[in-house]
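A.B. asks: Below: one structure in structure tokens.
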Amino acid sequence: MRKSTRRSLKPAAWQIPETMWIELTPDTLLTRLTTEEHDALAFVSTNLADVLADIAAEIAAEWRGGIARHVALSKRRLALPDELLIHILADYRYRAFTRLPGMSALLDANRVEEWRRANTVRDNIGKVQIEPPDAADLPDVPAASYPLPSISVPMHYLD
């Protein structure tokens, strides 16, 4: 048999990257808004970064709580899997627009429907395939310093 000498046509840069867990920060939201939404946010609040950071921490905690039941979490407190980013940002946008005064006018039917879909995904997170973070991003879990308990059942109970 001949050995195949075929090489991949894809350069290394085209290879699919490792799973990314992205930090949910105010900039994560602000870089994904329309110009109209961005301008309205800048106008409505002087302490916008603080308000958005609080909302980001709340959203990250809620989404990570659901994700933790199915896959290991990143050691970064605000990191979330990029597979869910579109839904997480819809939740983030909705909460920011409903909490800040004068922003609810930007919530058109499409934005509300995005938020509803995001809630459906969050509530059914076990049905979504999520890749765990890279090994370097996993939390360090110390080994148990004591033996784990063992359960033994006497043989006469098994008869």
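For the structure tokens, the naming scheme is as follows: chains receive sequential letters (A, B, ...) according to their order of presentation, residues are indexed from 1 within each chain, and ligands are indexed from 1 in presentation order.
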Any idea what's packed within 9 Å of segment 100-112 of chain A, counting only C-alpha atoms, ignoring anything in its chain fewer than 5 positions away? Could you give it as a count of residues only?

C.D. replies: 12

A.B. asks: From the list A:Trp21, A:Thr35, A:Arg116, A:Asp54, which residue is nearest Ile130 of chain A when using only C-alpha atoms?

C.D. replies: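 Closest to Ile130 of chain A of all the choices is A:Trp21.
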
A.B. asks: Measuring between only C-alpha atoms, which one of A:Ala61, A:Ala136, A:Trp115, A:Gly66 shows the shortest distance to Phe97 of chain A?

C.D. replies: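 Using only C-alpha atoms, Phe97 of chain A sits closest to A:Trp115.
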
A.B. asks: Using only C-alpha atoms, pick whichever of A:Asp134, A:Val121, A:Gly126, A:Pro139 has the shortest atom-to-atom distance to His70 of chain A.

C.D. replies: A:Gly126

A.B. asks: List every residue of segment 17-148 of chain A that DSSP, applied to the backbone of this structure, assigns to alpha helix (DSSP H), and report them as number ranges by chain.

C.D. replies: A: 26-30, 35-44, 48-67, 85-99, 109-123

A.B. asks: Name the closest residue to Pro133 of chain A among the candidates A:Val71, A:Ala96, A:Ile88, A:Leu78; distances are taken between atoms, counting only C-alpha atoms.

C.D. replies: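 Once distances to Pro133 of chain A are computed over only C-alpha atoms, the minimum belongs to A:Val71.
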
A.B. asks: Identify, with DSSP run on backbone atoms, the residues in segment 7-159 of chain A assigned to strand (DSSP E), and express the list as number ranges by chain.

C.D. replies: A: 21-23, 79-81

A.B. asks: Can I get the selected residues back with C-alpha atoms, as a tab-separated table (two decimals), in the first residue's frame?

C.D. replies:
```
chain	number	residue	atom	x	y	z
A	21	TRP	CA	-14.40	31.54	27.19
A	22	ILE	CA	-14.94	35.28	26.95
A	23	GLU	CA	-15.04	37.73	29.84
A	79	ALA	CA	-15.88	34.09	31.75
A	80	LEU	CA	-18.59	32.45	29.68
A	81	PRO	CA	-18.41	30.12	26.66
```

A.B. asks: Just give me the gap between atom CA of His87 of chain A and atom CA of Arg69 of chain A in Å, one decimal is fine.

C.D. replies: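 It comes out at 18.4 Å.
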
A.B. asks: With distances taken over only C-alpha atoms, which residue among A:Ile59, A:Ala118, A:Ile151, A:Tyr92 lies nearest Leu29 of chain A?

C.D. replies: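 Counting only C-alpha atoms, the residue closest to Leu29 of chain A is A:Tyr92.
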